[in-house]
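Here's run.tsv, which has TSV, C-alpha atoms:
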chain	number	residue	atom	x	y	z
N	1	MET	CA	0.00	0.00	0.00
N	2	LYS	CA	2.78	2.42	0.91
N	3	LYS	CA	4.57	1.60	-2.32
N	4	SER	CA	1.42	2.36	-4.31
N	5	VAL	CA	0.89	5.70	-2.59
N	6	LEU	CA	4.54	6.61	-3.06
N	7	GLY	CA	4.29	5.72	-6.73
N	8	CYS	CA	1.27	7.99	-7.17
N	9	LEU	CA	3.04	10.83	-5.40
N	10	CYS	CA	6.07	10.43	-7.65
N	11	LEU	CA	3.89	10.41	-10.76
N	12	THR	CA	2.05	13.53	-9.61
N	13	ALA	CA	5.33	15.31	-8.95
N	14	LEU	CA	6.63	14.29	-12.38
N	15	LEU	CA	3.51	15.58	-14.16
N	16	THR	CA	3.65	18.84	-12.22
N	17	ALA	CA	7.29	19.28	-13.14
N	18	CYS	CA	6.49	18.75	-16.85
N	19	THR	CA	3.82	21.46	-16.87
N	20	PRO	CA	5.36	24.92	-17.23
N	21	GLN	CA	4.64	27.37	-14.44
N	22	VAL	CA	2.69	30.42	-15.53
N	23	ALA	CA	2.63	33.71	-13.63
N	24	ASP	CA	-0.70	34.74	-12.12
N	25	ASN	CA	-1.05	37.68	-14.54
N	26	GLU	CA	0.02	35.79	-17.66
N	27	TYR	CA	-1.08	33.01	-19.98
N	28	LEU	CA	1.13	30.64	-21.97
N	29	ILE	CA	0.18	28.88	-25.22
N	30	ALA	CA	2.64	26.15	-26.16
N	31	GLY	CA	2.43	24.51	-29.56
N	32	THR	CA	3.88	21.20	-30.73
N	33	VAL	CA	3.26	20.53	-34.42
N	34	THR	CA	4.42	18.26	-37.21
N	35	ASP	CA	4.47	18.81	-40.98
N	36	VAL	CA	4.62	22.57	-40.41
N	37	PRO	CA	7.82	24.06	-41.86
N	38	ASP	CA	10.29	25.77	-39.59
N	39	SER	CA	10.19	29.58	-39.91
N	40	THR	CA	6.38	29.54	-40.14
N	41	VAL	CA	5.07	32.55	-38.20
N	42	VAL	CA	2.12	31.96	-35.88
N	43	HIS	CA	0.06	35.06	-35.03
N	44	LEU	CA	-2.21	35.69	-32.07
N	45	GLN	CA	-4.77	38.46	-32.50
N	46	LYS	CA	-7.73	40.01	-30.73
N	47	LEU	CA	-10.94	40.99	-32.47
N	48	ASN	CA	-12.40	44.36	-31.49
N	49	ASP	CA	-15.38	45.83	-33.36
N	50	GLN	CA	-14.62	43.90	-36.57
N	51	PHE	CA	-10.92	44.85	-36.47
N	52	PHE	CA	-7.97	42.69	-35.45
N	53	THR	CA	-5.12	43.91	-33.27
N	54	ALA	CA	-1.87	41.97	-32.91
N	55	VAL	CA	-1.23	40.43	-29.51
N	56	ALA	CA	1.76	38.12	-29.95
N	57	CYS	CA	3.60	36.03	-32.54
N	58	ASP	CA	6.28	33.37	-32.66
N	59	THR	CA	8.17	31.38	-35.27
N	60	VAL	CA	7.92	27.60	-35.49
N	61	MET	CA	11.32	26.04	-34.77
N	62	GLN	CA	11.78	22.29	-34.63
N	63	GLY	CA	8.03	21.86	-34.45
N	64	ARG	CA	7.51	24.16	-31.45
N	65	PHE	CA	6.33	27.68	-30.71
N	66	GLU	CA	5.16	29.68	-27.69
N	67	LEU	CA	2.78	32.60	-27.31
N	68	ARG	CA	2.46	34.45	-24.02
N	69	ASP	CA	1.29	37.79	-22.70
N	70	THR	CA	-0.24	39.40	-19.63
N	71	VAL	CA	-3.99	39.18	-19.13
N	72	SER	CA	-6.36	40.32	-16.39
N	73	SER	CA	-9.43	38.24	-17.24
N	74	SER	CA	-10.67	35.40	-19.42
N	75	GLN	CA	-10.90	36.38	-23.08
N	76	ARG	CA	-10.93	34.93	-26.56
N	77	LEU	CA	-8.01	35.39	-28.94
N	78	CYS	CA	-7.57	34.17	-32.51
N	79	LEU	CA	-4.64	32.19	-33.87
N	80	THR	CA	-3.84	32.71	-37.56
N	81	ILE	CA	-1.12	31.63	-39.99
N	82	ASN	CA	-0.58	33.39	-43.30
N	83	GLY	CA	0.98	31.85	-46.38
N	84	LYS	CA	0.49	29.43	-49.23
N	85	GLY	CA	-1.29	26.25	-48.24
N	86	TYR	CA	-2.86	27.70	-45.07
N	87	PRO	CA	-6.61	28.41	-44.77
N	88	ASN	CA	-7.86	31.96	-44.32
N	89	TYR	CA	-9.52	30.94	-41.07
N	90	LEU	CA	-9.17	31.37	-37.32
N	91	LEU	CA	-8.55	29.04	-34.40
N	92	ASN	CA	-10.36	30.43	-31.37
N	93	LEU	CA	-8.20	30.23	-28.25
N	94	TRP	CA	-9.39	31.25	-24.80
N	95	VAL	CA	-6.83	32.58	-22.36
N	96	ALA	CA	-7.04	33.47	-18.68
N	97	PRO	CA	-4.66	34.58	-15.89
N	98	GLY	CA	-2.26	31.83	-14.86
N	99	GLN	CA	-3.46	29.39	-17.52
N	100	TYR	CA	-1.35	27.03	-19.63
N	101	ILE	CA	-2.85	26.10	-23.00
N	102	GLU	CA	-1.35	23.26	-25.03
N	103	LEU	CA	-1.70	22.96	-28.81
N	104	LYS	CA	-0.93	19.83	-30.77
N	105	GLY	CA	-1.41	19.39	-34.48
N	106	ASN	CA	-0.31	17.88	-37.73
N	107	GLY	CA	-0.24	19.74	-41.03
N	108	LYS	CA	-1.44	23.14	-42.16
N	109	LEU	CA	-5.11	22.83	-41.18
N	110	PHE	CA	-4.41	24.69	-37.94
N	111	PRO	CA	-8.11	25.37	-37.09
N	112	LEU	CA	-8.32	21.60	-36.48
N	113	TRP	CA	-5.36	21.45	-34.09
N	114	ASP	CA	-6.16	19.97	-30.68
N	115	VAL	CA	-6.41	22.43	-27.81
N	116	LYS	CA	-5.87	21.19	-24.26
N	117	SER	CA	-7.08	23.67	-21.66
N	118	ASP	CA	-8.83	23.91	-18.31
N	119	ILE	CA	-10.72	27.02	-19.39
N	120	ALA	CA	-14.47	26.30	-19.59
N	121	GLU	CA	-15.05	28.38	-22.72
N	122	GLN	CA	-12.28	26.55	-24.56
N	123	GLN	CA	-13.79	23.22	-23.63
N	124	GLU	CA	-17.08	24.36	-25.17
N	125	GLU	CA	-15.23	25.48	-28.32
N	126	ASN	CA	-13.65	22.02	-28.42
N	127	ARG	CA	-17.03	20.33	-28.04
N	128	PHE	CA	-18.32	21.82	-31.29
N	129	ALA	CA	-14.98	21.57	-33.09
N	130	ASN	CA	-14.71	17.84	-32.37
N	131	TYR	CA	-18.34	17.23	-33.32
N	132	THR	CA	-17.97	18.87	-36.75
N	133	ARG	CA	-14.38	17.89	-37.54
N	134	GLU	CA	-15.06	15.97	-40.77
N	135	PRO	CA	-17.10	18.56	-42.70
N	136	GLN	CA	-14.88	21.32	-41.34
N	137	LYS	CA	-11.83	19.57	-42.78
N	138	GLN	CA	-13.38	19.63	-46.25
N	139	ILE	CA	-14.40	23.29	-45.88
N	140	LEU	CA	-10.83	24.20	-44.93
N	141	GLU	CA	-9.41	22.31	-47.92
N	142	TYR	CA	-11.60	24.33	-50.28
N	143	ASN	CA	-10.76	27.52	-48.39
N	144	ILE	CA	-7.05	26.91	-48.97
N	145	GLN	CA	-7.66	26.71	-52.73
N	146	GLU	CA	-9.61	29.96	-52.59
N	147	SER	CA	-6.99	31.71	-50.45
N	148	ASP	CA	-4.16	30.69	-52.75
N	149	ILE	CA	-6.00	32.16	-55.75
N	150	LEU	CA	-6.67	35.39	-53.84
N	151	THR	CA	-2.99	35.65	-52.99
N	152	VAL	CA	-2.04	35.43	-56.65
N	153	LEU	CA	-4.76	37.94	-57.55
N	154	SER	CA	-3.29	40.47	-55.13
N	155	ASP	CA	-0.03	40.50	-57.10
N	156	LYS	CA	0.30	43.84	-58.88
N	157	LYS	CA	1.14	42.18	-62.20
N	158	HIS	CA	-2.43	40.80	-62.39
N	159	GLN	CA	-4.35	43.89	-61.25
N	160	GLY	CA	-4.73	45.34	-64.74
N	161	ASN	CA	-5.50	42.03	-66.42
N	162	LYS	CA	-9.32	41.93	-66.42
N	163	GLU	CA	-9.48	38.63	-68.31
N	164	TYR	CA	-7.21	36.95	-65.76
N	165	GLN	CA	-9.17	38.41	-62.83
N	166	GLU	CA	-12.47	37.33	-64.36
N	167	ALA	CA	-11.24	33.75	-64.75
N	168	ALA	CA	-9.84	33.74	-61.20
N	169	TRP	CA	-13.08	35.00	-59.64
N	170	ASN	CA	-15.07	32.42	-61.61
N	171	LYS	CA	-12.83	29.72	-60.18
N	172	ILE	CA	-13.31	31.10	-56.67
N	173	ASP	CA	-17.09	31.08	-57.12
N	174	SER	CA	-16.91	27.44	-58.25
N	175	ILE	CA	-14.81	26.49	-55.23
N	176	GLN	CA	-17.22	28.23	-52.86
N	177	ARG	CA	-20.14	26.33	-54.32
N	178	LEU	CA	-18.31	23.03	-53.92
N	179	SER	CA	-17.98	23.76	-50.22
N	180	VAL	CA	-21.71	24.42	-49.71
N	181	PRO	CA	-22.71	20.76	-49.05
N	182	PHE	CA	-20.06	20.55	-46.32
N	183	MET	CA	-21.23	23.87	-44.84
N	184	LEU	CA	-24.75	22.44	-44.72
N	185	GLU	CA	-23.47	19.30	-43.03
N	186	ARG	CA	-21.54	21.38	-40.49
N	187	THR	CA	-24.69	23.35	-39.68
N	188	ARG	CA	-26.72	20.15	-39.36
N	189	MET	CA	-24.18	18.69	-36.93
N	190	GLU	CA	-23.92	21.91	-34.90
N	191	VAL	CA	-27.70	22.10	-34.55
N	192	GLU	CA	-27.71	18.47	-33.44
N	193	CYS	CA	-24.96	19.18	-30.91
N	194	MET	CA	-26.80	22.23	-29.58
N	195	LYS	CA	-29.79	20.09	-28.64
N	196	THR	CA	-27.78	18.37	-25.89
N	197	ALA	CA	-24.98	20.85	-25.14
N	198	PRO	CA	-25.40	23.32	-22.27
N	199	VAL	CA	-26.25	26.90	-23.16
N	200	SER	CA	-23.04	28.92	-23.06
N	201	GLN	CA	-21.52	31.89	-24.84
N	202	ILE	CA	-20.21	29.48	-27.50
N	203	TRP	CA	-23.66	27.89	-27.83
N	204	LEU	CA	-25.26	31.29	-28.38
N	205	GLU	CA	-22.66	32.20	-31.00
N	206	LYS	CA	-23.41	28.99	-32.88
N	207	LEU	CA	-27.09	29.89	-32.76
N	208	GLU	CA	-26.36	33.36	-34.15
N	209	THR	CA	-23.98	32.12	-36.86
N	210	ASN	CA	-26.31	29.43	-38.15
N	211	ALA	CA	-29.33	31.72	-37.94
N	212	THR	CA	-27.40	34.16	-40.13
N	213	LEU	CA	-26.58	31.42	-42.63
N	214	THR	CA	-30.28	30.72	-43.14
N	215	ARG	CA	-30.52	34.19	-44.72
N	216	PHE	CA	-28.53	32.82	-47.69
N	217	ALA	CA	-31.44	30.53	-48.59
N	218	ALA	CA	-33.30	33.33	-50.35
N	219	ALA	CA	-30.39	34.27	-52.59
N	220	ASP	CA	-29.56	31.20	-54.62
N	221	THR	CA	-30.80	27.66	-55.21
N	222	ALA	CA	-27.39	26.33	-54.17
N	223	PHE	CA	-28.12	27.60	-50.66
N	224	GLN	CA	-31.84	26.85	-50.50
N	225	ASP	CA	-31.35	23.87	-48.17
N	226	TYR	CA	-30.38	26.29	-45.40
N	227	ALA	CA	-34.10	27.06	-45.08
N	228	ALA	CA	-34.54	23.62	-43.49
N	229	PHE	CA	-32.67	24.84	-40.41
N	230	ILE	CA	-34.92	27.83	-39.69
N	231	ALA	CA	-37.51	25.82	-37.76
N	232	PRO	CA	-35.09	23.85	-35.51
N	233	LEU	CA	-33.09	27.02	-34.81
N	234	LYS	CA	-36.27	28.84	-33.84
N	235	GLU	CA	-37.11	25.97	-31.49
N	236	LEU	CA	-33.67	26.21	-29.87
N	237	TYR	CA	-34.06	29.96	-29.46
N	238	MET	CA	-37.48	29.56	-27.83
N	239	THR	CA	-36.00	27.25	-25.16
N	240	LEU	CA	-33.82	30.09	-23.84
N	241	PRO	CA	-34.86	31.87	-20.65
N	242	ASP	CA	-35.90	35.50	-21.09
N	243	SER	CA	-32.74	36.78	-19.40
N	244	ILE	CA	-30.56	35.12	-22.06
N	245	LYS	CA	-32.86	36.17	-24.90
N	246	GLN	CA	-32.03	39.77	-24.02
N	247	THR	CA	-28.28	39.32	-24.54
N	248	ALA	CA	-26.72	40.91	-27.63
N	249	THR	CA	-25.83	37.58	-29.25
N	250	ALA	CA	-29.30	36.09	-28.72
N	251	GLN	CA	-30.87	39.29	-30.07
N	252	LYS	CA	-28.83	39.00	-33.27
N	253	ALA	CA	-30.02	35.42	-33.71
N	254	TYR	CA	-33.59	36.56	-33.11
N	255	HIS	CA	-33.40	39.29	-35.77
N	256	ALA	CA	-32.04	36.75	-38.28
N	257	LEU	CA	-34.73	34.17	-37.52
N	258	PHE	CA	-37.63	36.57	-36.97
N	259	PRO	CA	-36.90	39.61	-39.17
N	260	LYS	CA	-39.27	42.52	-38.64
N	261	ILE	CA	-39.40	43.27	-42.35
N	262	LYS	CA	-39.81	40.53	-44.95
N	263	ALA	CA	-40.98	40.24	-48.53
N	264	GLY	CA	-44.43	41.78	-48.93
N	265	ASP	CA	-44.13	44.13	-45.94
N	266	VAL	CA	-44.10	47.90	-46.19
N	267	MET	CA	-40.56	49.30	-46.07
N	268	THR	CA	-39.28	50.88	-42.89
N	269	ASP	CA	-37.29	54.10	-42.99
N	270	GLY	CA	-34.76	55.80	-40.76
N	271	THR	CA	-32.24	58.60	-40.51
N	272	LEU	CA	-29.08	58.10	-42.56
N	273	TYR	CA	-26.07	60.34	-43.06
N	274	ASP	CA	-23.88	61.09	-46.05
N	275	PRO	CA	-20.10	61.62	-45.67
N	276	ASP	CA	-20.67	65.36	-45.12
N	277	GLY	CA	-23.03	64.74	-42.21
N	278	ASN	CA	-26.26	65.63	-44.04
N	279	GLU	CA	-29.40	63.70	-43.05
N	280	HIS	CA	-31.24	61.53	-45.58
N	281	HIS	CA	-34.15	59.08	-45.75
N	282	LEU	CA	-35.01	56.21	-48.07
N	283	ALA	CA	-38.32	57.94	-48.84
N	284	GLU	CA	-36.33	60.27	-51.12
N	285	PHE	CA	-36.41	57.49	-53.74
N	286	LYS	CA	-39.97	56.26	-53.29
N	287	GLY	CA	-41.62	55.69	-56.66
N	288	GLN	CA	-38.71	53.67	-58.04
N	289	TYR	CA	-36.95	50.47	-57.06
N	290	ILE	CA	-34.47	50.80	-54.19
N	291	LEU	CA	-31.68	48.30	-53.56
N	292	LEU	CA	-30.21	48.54	-50.06
N	293	ASP	CA	-26.66	47.24	-49.74
N	294	PHE	CA	-25.56	46.81	-46.12
N	295	TRP	CA	-21.78	46.42	-46.13
N	296	SER	CA	-18.49	46.87	-44.28
N	297	GLN	CA	-14.97	47.53	-45.53
N	298	THR	CA	-13.77	44.48	-43.55
N	299	CYS	CA	-16.10	42.22	-45.58
N	300	GLY	CA	-14.40	40.61	-48.59
N	301	PRO	CA	-17.62	39.64	-50.43
N	302	CYS	CA	-18.89	43.21	-49.90
N	303	ARG	CA	-15.88	44.59	-51.75
N	304	ARG	CA	-16.21	41.98	-54.49
N	305	ALA	CA	-19.82	43.04	-55.07
N	306	ILE	CA	-18.92	46.68	-55.85
N	307	PRO	CA	-18.42	46.26	-59.65
N	308	GLU	CA	-21.71	44.39	-60.01
N	309	LEU	CA	-23.56	47.00	-57.94
N	310	GLU	CA	-22.16	49.74	-60.18
N	311	GLU	CA	-23.16	47.69	-63.24
N	312	VAL	CA	-26.81	47.24	-62.15
N	313	ALA	CA	-26.99	50.92	-61.19
N	314	ARG	CA	-26.10	51.78	-64.81
N	315	THR	CA	-28.35	49.10	-66.31
N	316	TYR	CA	-31.42	50.21	-64.35
N	317	ALA	CA	-30.65	53.94	-64.28
N	318	GLY	CA	-33.85	55.93	-63.78
N	319	ARG	CA	-35.71	52.88	-62.44
N	320	LEU	CA	-33.47	51.71	-59.59
N	321	THR	CA	-31.39	53.50	-56.95
N	322	VAL	CA	-28.64	51.59	-55.14
N	323	VAL	CA	-28.22	52.85	-51.57
N	324	CYS	CA	-25.05	51.57	-49.91
N	325	ILE	CA	-25.37	51.60	-46.10
N	326	SER	CA	-22.08	51.10	-44.29
N	327	THR	CA	-22.02	49.49	-40.85
N	328	ASP	CA	-18.50	50.79	-40.13
N	329	PRO	CA	-17.59	53.51	-37.59
N	330	LYS	CA	-17.68	57.04	-39.04
N	331	GLU	CA	-13.96	57.67	-39.52
N	332	VAL	CA	-13.23	54.17	-40.86
N	333	TRP	CA	-16.13	54.51	-43.31
N	334	LYS	CA	-15.10	57.96	-44.57
N	335	GLN	CA	-11.47	56.90	-44.98
N	336	CYS	CA	-12.54	53.83	-46.98
N	337	LEU	CA	-14.71	55.95	-49.28
N	338	GLN	CA	-11.81	58.29	-49.93
N	339	ILE	CA	-9.19	55.59	-50.51
N	340	LYS	CA	-11.41	53.41	-52.69
N	341	GLY	CA	-13.02	56.34	-54.53
N	342	MET	CA	-16.40	54.66	-54.12
N	343	LYS	CA	-19.23	55.97	-56.26
N	344	GLY	CA	-22.97	56.28	-55.88
N	345	ILE	CA	-25.03	56.89	-52.77
N	346	GLN	CA	-22.94	56.09	-49.70
N	347	TRP	CA	-24.79	56.49	-46.40
N	348	ASN	CA	-24.36	55.34	-42.81
N	349	GLU	CA	-26.67	55.15	-39.79
N	350	LEU	CA	-23.71	56.04	-37.55
N	351	ARG	CA	-24.80	53.71	-34.76
N	352	ASN	CA	-23.15	50.58	-33.37
N	353	ASP	CA	-25.98	49.06	-31.33
N	354	GLY	CA	-27.28	46.77	-34.08
N	355	GLY	CA	-30.59	48.63	-34.03
N	356	GLY	CA	-32.20	50.92	-36.59
N	357	LEU	CA	-32.49	49.69	-40.15
N	358	GLN	CA	-30.05	46.86	-39.46
N	359	ALA	CA	-32.48	45.38	-36.92
N	360	ASP	CA	-35.58	46.16	-38.97
N	361	TYR	CA	-34.25	44.37	-42.04
N	362	GLY	CA	-32.69	41.49	-40.10
N	363	VAL	CA	-29.10	42.32	-41.02
N	364	GLN	CA	-26.67	39.82	-39.54
N	365	GLY	CA	-24.14	38.57	-42.07
N	366	LEU	CA	-22.70	40.95	-44.67
N	367	PRO	CA	-23.33	41.83	-47.39
N	368	HIS	CA	-27.08	42.02	-46.87
N	369	TYR	CA	-29.48	43.18	-49.59
N	370	VAL	CA	-33.05	44.46	-49.57
N	371	LEU	CA	-34.96	45.18	-52.80
N	372	ILE	CA	-37.84	47.64	-52.33
N	373	ALA	CA	-40.50	48.10	-55.03
N	374	PRO	CA	-41.78	51.49	-56.26
N	375	ASP	CA	-44.91	51.11	-54.09
N	376	GLY	CA	-42.73	51.04	-50.98
N	377	LYS	CA	-43.13	47.32	-50.29
N	378	VAL	CA	-40.20	44.96	-49.78
N	379	LYS	CA	-39.78	42.78	-52.85
N	380	HIS	CA	-36.90	40.49	-51.82
N	381	VAL	CA	-34.34	40.10	-49.02
N	382	TRP	CA	-31.15	38.06	-49.20
N	383	ALA	CA	-27.63	37.80	-47.79
N	384	GLY	CA	-24.24	36.97	-49.27
N	385	TYR	CA	-22.55	37.65	-52.58
N	386	TRP	CA	-21.20	35.52	-55.39
N	387	LYS	CA	-20.77	36.58	-58.96
N	388	GLY	CA	-24.00	37.30	-60.84
N	389	VAL	CA	-26.38	36.93	-57.89
N	390	ILE	CA	-27.42	40.60	-57.85
N	391	ARG	CA	-28.08	40.67	-61.60
N	392	THR	CA	-30.05	37.43	-61.47
N	393	ILE	CA	-32.29	38.54	-58.60
N	394	LEU	CA	-32.99	41.94	-60.14
N	395	GLU	CA	-33.85	40.35	-63.49
N	396	THR	CA	-36.33	38.12	-61.63
N	397	HIS	CA	-38.01	40.79	-59.53
N	398	ILE	CA	-37.89	44.03	-61.54
N	399	ASN	CA	-40.77	44.24	-64.01

Kindly return the structure encoded in the file as structure tokens.
Amino acid sequence: MKKSVLGCLCLTALLTACTPQVADNEYLIAGTVTDVPDSTVVHLQKLNDQFFTAVACDTVMQGRFELRDTVSSSQRLCLTINGKGYPNYLLNLWVAPGQYIELKGNGKLFPLWDVKSDIAEQQEENRFANYTREPQKQILEYNIQESDILTVLSDKKHQGNKEYQEAAWNKIDSIQRLSVPFMLERTRMEVECMKTAPVSQIWLEKLETNATLTRFAAADTAFQDYAAFIAPLKELYMTLPDSIKQTATAQKAYHALFPKIKAGDVMTDGTLYDPDGNEHHLAEFKGQYILLDFWSQTCGPCRRAIPELEEVARTYAGRLTVVCISTDPKEVWKQCLQIKGMKGIQWNELRNDGGGLQADYGVQGLPHYVLIAPDGKVKHVWAGYWKGVIRTILETHIN
């Protein structure tokens, strides 16, 4: 008996000695990876109001890297790796004072690396990550192909070659469509997992994300199967206690699942501002078709949609007005307009509470579009952009 107890004590001491000590005001993330080239730079960032700020970085050497910093409370950070063959994705990592987080992985699909942590939020992240690992792997593989094409497109030597860019964007659209079945499977599995998982911040974020994805169903037949998730997501939302329903994340899910304004309803209006600070209202264009484009400069698909928006504005000149409504903070928005030289009607509600027209029209994911008929009734609402979708929808709904 004494020998057994002594053996356990020795084992405990050995395990304790192998775990690095972390100061009470710090966290330590230690990574051990294979099939990741030495000199690969691993970045740790924090997301604030749609913008990332750098927190720490390290270079992989002999399959190892470390990321550490001071921290006063539990918070989520994002691990990213840039370069050919890596997905343009994030690995959510929760850190807390005095906590040691261990990463282990093989290959460049870093969002699938295993995260060992005692932090409750990380364990909930892991629950969903492990449940959806197979479809997520396929989504990441397609994302790598897309990211590699985008990297080549950003090379200055291709920027003036319209034919090359057209072919590249067509290929990206094809890749995105190939990933849709796996996105649907991921949503199905997450909804299934949510039925038994405890309600947590991560749970609520999954509810919001998947509720937002259902908005794609109205835009294209390739995404129509997302509509099947509206009912089960509504059921999950209705199980929440009122106190949780009032949280910002739950409210966003609610607006996506139960939009105030839908096709057939009378349009709602609000106060909008142009870059000079002048007030405007949508009613200024009543009597013709109005296409609302809710966007942000941080949204890649929003930027990709700009040429097509300008094209439809020319095609339907005199019958349709495109109103671009930015969701960015005032200074960021104005700077983007100046740098990009953006044309047309560029307005902003200048509010960051998710209310106003964003709430009325159920804006969650960006870009988000609302087509209003000359009689002031909403004709069609959809989310997301891929080449040709705006033209196709307008051809269908404009008489």

In Å, rounded to a single decimal, give me how far atom CA of N:Val152 is from atom CA of N:Gly365.
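Computing it gives 26.7 Å between the two atoms.
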
Between atom CA of N:Ile175 and atom CA of N:Thr221 - distance in Å to one decimal
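It comes out at 16.0 Å.
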
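Shortest atom-to-atom contact with N:Ile139 among N:Val363, N:Cys193, N:Val55, N:Leu112: N:Leu112, counting all atoms listed in the file.
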
How many Å lie between atom CA of N:Cys57 and atom CA of N:His43, rounded to one decimal?
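The value is 4.4 Å.
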
Shortest interatomic distance to N:Ala168 - which of N:Leu150, N:Trp113, N:His380, N:Trp333, counting all atoms listed in the file:
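Looking at the shortest contact to N:Ala168, the residue is N:Leu150.
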
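Take the candidates N:Ile339, N:Ile393, N:Cys299, N:Met267 and check each one against N:Ile372 using all atoms listed in the file; the shortest distance goes to N:Met267.
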
N:Gly384, N:Gln21, N:Pro275, N:Ala120 ranked by distance to N:Ala217, top pick (using only C-alpha atoms)
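The shortest atom-to-atom distance to N:Ala217 comes from N:Gly384.
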
Under the rule that all atoms listed in the file are counted, which of N:Ala211, N:Leu184, N:Ile290, N:Leu44 is the nearest residue to N:Val378?
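For N:Val378, the nearest of the candidates is N:Ile290.
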
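Among N:Glu185, N:Arg215, N:Glu121, N:Val36, the residue with the shortest atom-to-atom distance to N:Gln201, counting all atoms listed in the file, is N:Glu121.
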
Using all atoms listed in the file, determine which residues lie at most 7 Å from N:Glu102, disregarding the query and same-chain residues fewer than 4 positions distant; provide the list as number ranges by chain.
N: 29-31, 115-117

Residues near N:Ala305, anyone? I mean within 9 Å using all atoms listed in the file, not counting same-chain ones fewer than 6 positions away, as a count of residues only.
5

Could you list, as an NGL selection string, every residue within 7 Å of stretch 204-207 of chain N, counting all atoms listed in the file and ignoring same-chain residues fewer than 4 positions away?
:N and (199-200 or 211 or 233 or 249-250 or 253)

Neighbour list for N:Arg391 as a ChimeraX atom specification, cut-off 8 Å, only C-alpha atoms, skip fewer than 3 positions in-chain:
/N:308,312,388,394-395

Do you know which residues are at most 10 Å from N:Val370 counting only C-alpha atoms, after dropping those on the same chain fewer than 5 positions away, and could you put them as a ChimeraX atom specification?
/N:261-263,267,290-294,323,361-363,378-383

Residues within 10 Å of (-28.6, 28.1, -48.5), counting all atoms listed in the file, listed as a ChimeraX atom specification
/N:180-181,183-184,213-229,383-384

Compute the distance from (-10.9, 32.2, -62.8) to each atom, counting only C-alpha atoms, keep the residues with any atom at most 12 Å away, and return them as a PyMOL selection string; use the coordinates of the file.
chain N and resi 145-146+149-150+152-153+161-175+387

Output as a short mmCIF file (atom, residue, chain, number, x, y, z; two decimals), keeping the file's coordinate frame: stretch 120-130 of chain N, completed with N, CA, C and O atoms.
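The result, stored in selection-v1.cif:
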data_model
loop_
_atom_site.label_atom_id
_atom_site.label_comp_id
_atom_site.auth_asym_id
_atom_site.auth_seq_id
_atom_site.Cartn_x
_atom_site.Cartn_y
_atom_site.Cartn_z
N ALA N 120 -13.15 26.83 -19.24
CA ALA N 120 -14.47 26.30 -19.59
C ALA N 120 -14.89 26.69 -21.00
O ALA N 120 -15.43 25.86 -21.75
N GLU N 121 -14.64 27.93 -21.39
CA GLU N 121 -15.05 28.38 -22.72
C GLU N 121 -14.31 27.61 -23.81
O GLU N 121 -14.89 27.28 -24.85
N GLN N 122 -13.04 27.31 -23.57
CA GLN N 122 -12.28 26.55 -24.56
C GLN N 122 -12.82 25.13 -24.69
O GLN N 122 -12.89 24.57 -25.79
N GLN N 123 -13.24 24.57 -23.59
CA GLN N 123 -13.79 23.22 -23.63
C GLN N 123 -15.09 23.19 -24.42
O GLN N 123 -15.39 22.21 -25.12
N GLU N 124 -15.87 24.28 -24.35
CA GLU N 124 -17.08 24.36 -25.17
C GLU N 124 -16.74 24.55 -26.65
O GLU N 124 -17.38 23.97 -27.52
N GLU N 125 -15.71 25.36 -26.93
CA GLU N 125 -15.23 25.48 -28.32
C GLU N 125 -14.83 24.10 -28.84
O GLU N 125 -15.16 23.73 -29.98
N ASN N 126 -14.11 23.35 -28.01
CA ASN N 126 -13.65 22.02 -28.42
C ASN N 126 -14.81 21.08 -28.68
O ASN N 126 -14.74 20.23 -29.57
N ARG N 127 -15.87 21.21 -27.88
CA ARG N 127 -17.03 20.33 -28.04
C ARG N 127 -17.57 20.42 -29.47
O ARG N 127 -17.76 19.41 -30.15
N PHE N 128 -17.79 21.63 -29.94
CA PHE N 128 -18.32 21.82 -31.29
C PHE N 128 -17.29 21.50 -32.36
O PHE N 128 -17.62 20.95 -33.42
N ALA N 129 -16.03 21.84 -32.10
CA ALA N 129 -14.98 21.57 -33.09
C ALA N 129 -14.83 20.07 -33.32
O ALA N 129 -14.67 19.61 -34.46
N ASN N 130 -14.85 19.29 -32.25
CA ASN N 130 -14.71 17.84 -32.37
C ASN N 130 -15.93 17.21 -33.04
O ASN N 130 -15.81 16.25 -33.80
#
